[in-house]
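*Asks:* My structure file start-v5.csv, CSV, C-alpha atoms, is below:
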```
chain,number,residue,atom,x,y,z
A,1,MET,CA,29.7,80.8,110.1
A,2,ILE,CA,32.6,81.6,107.8
A,3,ASP,CA,32.7,84.6,105.5
A,4,SER,CA,33.3,83.7,101.9
A,5,ALA,CA,33.3,85.2,98.4
A,6,ASP,CA,31.9,81.9,96.9
A,7,PRO,CA,30.3,79.8,99.6
A,8,HIS,CA,29.5,76.9,97.3
A,9,ALA,CA,33.1,76.6,96.1
A,10,GLN,CA,34.3,76.8,99.7
A,11,ALA,CA,31.8,74.2,100.9
A,12,GLY,CA,32.9,71.9,98.0
A,13,PHE,CA,36.6,72.4,98.8
A,14,TRP,CA,36.3,71.7,102.5
A,15,ALA,CA,33.9,68.8,102.0
A,16,GLU,CA,36.5,67.1,99.8
A,17,ALA,CA,39.4,68.1,102.0
A,18,LEU,CA,37.8,66.8,105.2
A,19,GLY,CA,35.7,63.9,103.9
A,20,TYR,CA,32.5,65.8,104.6
A,21,LEU,CA,29.4,66.1,102.4
A,22,VAL,CA,28.0,69.3,100.9
A,23,GLU,CA,24.6,69.8,102.6
A,24,ASP,CA,21.6,69.2,100.3
A,25,ASN,CA,19.1,71.9,101.1
A,26,SER,CA,17.3,71.4,97.8
A,27,PRO,CA,14.1,69.8,99.2
A,28,LEU,CA,13.4,72.8,101.5
A,29,VAL,CA,14.5,75.4,98.8
A,30,GLU,CA,12.2,73.7,96.2
A,31,GLN,CA,9.3,73.6,98.8
A,32,LEU,CA,9.6,77.2,99.7
A,33,LEU,CA,9.9,78.3,96.0
A,34,ALA,CA,6.8,76.2,95.1
A,35,ALA,CA,4.8,77.9,97.9
A,36,GLY,CA,5.9,81.3,96.8
A,37,ALA,CA,7.6,81.9,100.2
A,38,VAL,CA,10.9,82.9,98.8
A,39,PRO,CA,11.9,84.5,95.5
A,40,GLU,CA,13.9,82.6,92.9
A,41,ALA,CA,16.6,85.4,93.0
A,42,ILE,CA,17.9,84.1,96.4
A,43,THR,CA,18.5,80.6,95.0
A,44,THR,CA,21.0,79.1,92.6
A,45,HIS,CA,22.1,75.8,91.2
A,46,ALA,CA,25.2,74.3,92.9
A,47,HIS,CA,26.5,70.8,93.2
A,48,GLY,CA,23.8,69.6,90.8
A,49,ARG,CA,20.8,70.8,92.8
A,50,ARG,CA,18.9,73.9,93.9
A,51,ALA,CA,20.6,75.8,96.7
A,52,TRP,CA,20.6,79.1,98.6
A,53,LEU,CA,22.5,81.7,96.7
A,54,ASP,CA,24.5,83.1,99.6
A,55,LEU,CA,24.8,80.1,102.0
A,56,ALA,CA,26.4,76.7,101.7
A,57,ALA,CA,27.6,74.2,104.2
A,58,ALA,CA,29.7,71.0,104.5
A,59,ARG,CA,28.7,68.5,107.2
A,60,HIS,CA,30.3,65.3,108.6
A,61,PRO,CA,28.7,62.3,107.0
A,62,ASP,CA,28.2,60.4,110.3
A,63,ASP,CA,26.4,63.2,112.1
A,64,PRO,CA,22.7,63.7,112.3
A,65,TYR,CA,20.9,66.2,110.0
A,66,ASP,CA,17.4,67.5,109.6
A,67,GLU,CA,15.8,65.6,106.8
A,68,VAL,CA,13.4,68.4,105.9
A,69,SER,CA,16.0,71.2,105.6
A,70,GLY,CA,19.2,69.1,105.0
A,71,THR,CA,20.9,71.1,107.8
A,72,GLY,CA,23.6,69.3,109.7
A,73,GLN,CA,23.1,69.0,113.4
A,74,GLY,CA,26.7,68.0,114.3
A,75,ARG,CA,30.1,68.9,112.9
A,76,ARG,CA,29.5,71.4,110.2
A,77,LEU,CA,31.1,74.3,108.3
A,78,LEU,CA,28.7,77.0,107.1
A,79,PHE,CA,29.9,79.5,104.5
A,80,GLN,CA,28.1,82.9,104.0
A,81,ARG,CA,28.7,85.1,101.0
A,82,VAL,CA,30.1,88.6,101.9
A,83,PRO,CA,30.8,91.4,99.5
A,84,GLU,CA,34.3,92.4,100.9
A,85,PRO,CA,37.3,90.3,100.0
A,86,LYS,CA,39.6,88.6,102.5
A,87,THR,CA,42.4,91.1,103.2
A,88,VAL,CA,44.6,90.2,106.2
A,89,LYS,CA,42.8,88.3,108.9
A,90,ASN,CA,41.9,84.6,108.4
A,91,ARG,CA,38.3,83.9,108.1
A,92,ILE,CA,39.0,80.4,109.4
A,93,HIS,CA,41.9,78.3,110.5
A,94,ILE,CA,41.6,74.5,110.5
A,95,ASP,CA,44.3,72.0,111.3
A,96,VAL,CA,44.1,69.0,108.9
A,97,HIS,CA,45.8,65.8,110.1
A,98,SER,CA,47.2,63.3,107.7
A,99,ALA,CA,47.8,59.6,108.4
A,100,PRO,CA,51.4,58.9,109.6
A,101,GLY,CA,53.8,59.0,106.7
A,102,ARG,CA,51.1,60.4,104.3
A,103,ARG,CA,51.6,64.2,104.7
A,104,ASP,CA,53.3,64.7,101.3
A,105,ALA,CA,50.5,62.7,99.6
A,106,GLU,CA,47.9,64.7,101.4
A,107,GLU,CA,49.6,68.0,100.5
A,108,GLU,CA,49.4,66.9,96.8
A,109,ARG,CA,45.8,65.9,97.1
A,110,LEU,CA,44.8,69.2,98.7
A,111,THR,CA,46.8,71.1,96.1
A,112,ALA,CA,44.9,69.3,93.4
A,113,LEU,CA,41.6,70.5,95.1
A,114,GLY,CA,42.7,74.1,94.9
A,115,ALA,CA,44.9,74.6,98.0
A,116,ARG,CA,48.3,76.2,97.9
A,117,SER,CA,51.4,75.4,100.0
A,118,LEU,CA,53.0,78.5,101.7
A,119,ARG,CA,55.8,77.2,103.9
A,120,THR,CA,56.9,74.1,105.9
A,121,TYR,CA,57.9,74.2,109.6
A,122,ASP,CA,60.2,71.6,111.1
A,123,GLU,CA,60.7,72.2,114.8
A,124,GLN,CA,61.4,70.2,117.9
A,125,GLY,CA,57.6,70.1,118.7
A,126,GLY,CA,56.6,68.8,115.3
A,127,SER,CA,56.5,69.4,111.6
A,128,TRP,CA,53.6,70.9,109.5
A,129,VAL,CA,52.8,72.7,106.3
A,130,VAL,CA,51.0,76.0,106.2
A,131,MET,CA,48.6,76.0,103.2
A,132,THR,CA,45.8,78.2,102.0
A,133,ASP,CA,42.3,77.2,100.8
A,134,PRO,CA,41.1,78.6,97.4
A,135,GLU,CA,40.1,81.9,99.1
A,136,GLY,CA,43.4,82.4,100.8
A,137,ASN,CA,42.5,81.3,104.3
A,138,GLU,CA,45.5,79.6,106.0
A,139,PHE,CA,45.3,76.2,107.5
A,140,CYS,CA,47.9,73.7,108.8
A,141,LEU,CA,48.5,70.3,107.4
A,142,ASN,CA,50.1,68.0,110.0
```
Could you quickly redo this structure as structure tokens?
*Replies:*
Amino acid sequence: MIDSADPHAQAGFWAEALGYLVEDNSPLVEQLLAAGAVPEAITTHAHGRRAWLDLAAARHPDDPYDEVSGTGQGRRLLFQRVPEPKTVKNRIHIDVHSAPGRRDAEEERLTALGARSLRTYDEQGGSWVVMTDPEGNEFCLN
């Protein structure tokens, strides 16, 4: 679970960045709302459907998922809303690998999605770009 100020925006960014899907929990959310089991106040509309207000996830499209809840059962990033902002410590650090010779194009694509480039390292062991996601969490682009 990854702390976040806006879990739906983070799930959307990382789904696009990694080629994942934003989880669709709307069938379960709608079912629980209709049964009166949860209040509408803990839900929202995100990515064109009903969702949990404080939780959102991105899952790998090839991995299994629960068809009732929409919850991924494989590679998955779950974002949880927290009240405090990110200050110093990263909430997450992911290494993103680009195809050979495509790092500059991938850096441009990620920047267009809301990432920001911080610095580039060229060392004997390799070369990479340190970037931040829209909430300021650092990640490396190789």
*Asks:* For Arg119 of chain A, list every protein, DNA or RNA residue within 9 Å, evaluated using only C-alpha atoms, and leave out those in the same chain fewer than 5 positions away; present the list as a list in words.
*Replies:*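 Returned residues: Trp128, Val129, Val130 and Met131 of chain A.
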*Asks:* For segment 88-99 of chain A, list every protein, DNA or RNA residue within 8 Å, evaluated using only C-alpha atoms, and leave out those in the same chain fewer than 6 positions away; present the list as an NGL selection string.
*Replies:* :A and (2-4 or 18 or 106 or 137-142)
*Asks:* Leaving out Arg49 of chain A and any residue of its chain fewer than 6 positions from it, which residues lie within 12 Å of it when counting all atoms listed in the file, given as a list in words?
*Replies:*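 Near neighbours after the sequence-gap exclusion: His8, Val22, Glu23, Asp24, Asn25, Ser26, Pro27, Leu28, Val29, Glu30 and Thr43 of chain A.
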*Asks:* With distances taken over all atoms listed in the file, which residue among A:Gly70, A:Gly101, A:Pro83, A:Pro7 lies nearest Ala56 of chain A?
*Replies:* A:Pro7
*Asks:* What gap, in Å, lies between atom CA of Val68 of chain A and atom CA of Thr44 of chain A?
*Replies:* 18.7 Å
*Asks:* Would you list the contacts of Leu78 of chain A as a ChimeraX atom specification, taking every protein, DNA or RNA residue within 7 Å and counting only C-alpha atoms, but skipping same-chain residues closer than 2 positions in sequence?
*Replies:* /A:1-2,56-58,76,80
*Asks:* Identify which of the residues A:Asp63, A:Glu135, A:Glu40, A:Asp104 lies closest to Asp6 of chain A, counting all atoms listed in the file when measuring atom-to-atom distances.
*Replies:*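 Between A:Asp63, A:Glu135, A:Glu40, A:Asp104, the residue approaching Asp6 of chain A most closely is A:Glu135.
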*Asks:* Could you check how far atom CA of Arg81 of chain A sits from atom CA of Ala5 of chain A, in Å to one decimal?
*Replies:* 5.3 Å
*Asks:* Hey, can you check how far atom CA of Leu21 of chain A sits from atom CA of Arg50 of chain A?
*Replies:*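 Atom CA of Leu21 of chain A sits 15.6 Å away from atom CA of Arg50 of chain A.
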*Asks:* Taking only C-alpha atoms into account, which of A:Leu53, A:Ala17, A:Leu32, A:Ala11 comes nearest Ala112 of chain A?
*Replies:*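 Among the listed residues, the smallest separation from Ala112 of chain A belongs to A:Ala17.
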*Asks:* Kindly list the centre and edge lengths in Å, rounded to one decimal, for the axis-aligned box that covers all listed atoms of segment 44-59 of chain A plus 6 Å on each of its six sides, as AutoDock Vina command-line options.
*Replies:*
```
--center_x 24.3 --center_y 75.8 --center_z 99.0 --size_x 22.8 --size_y 26.6 --size_z 28.4
```
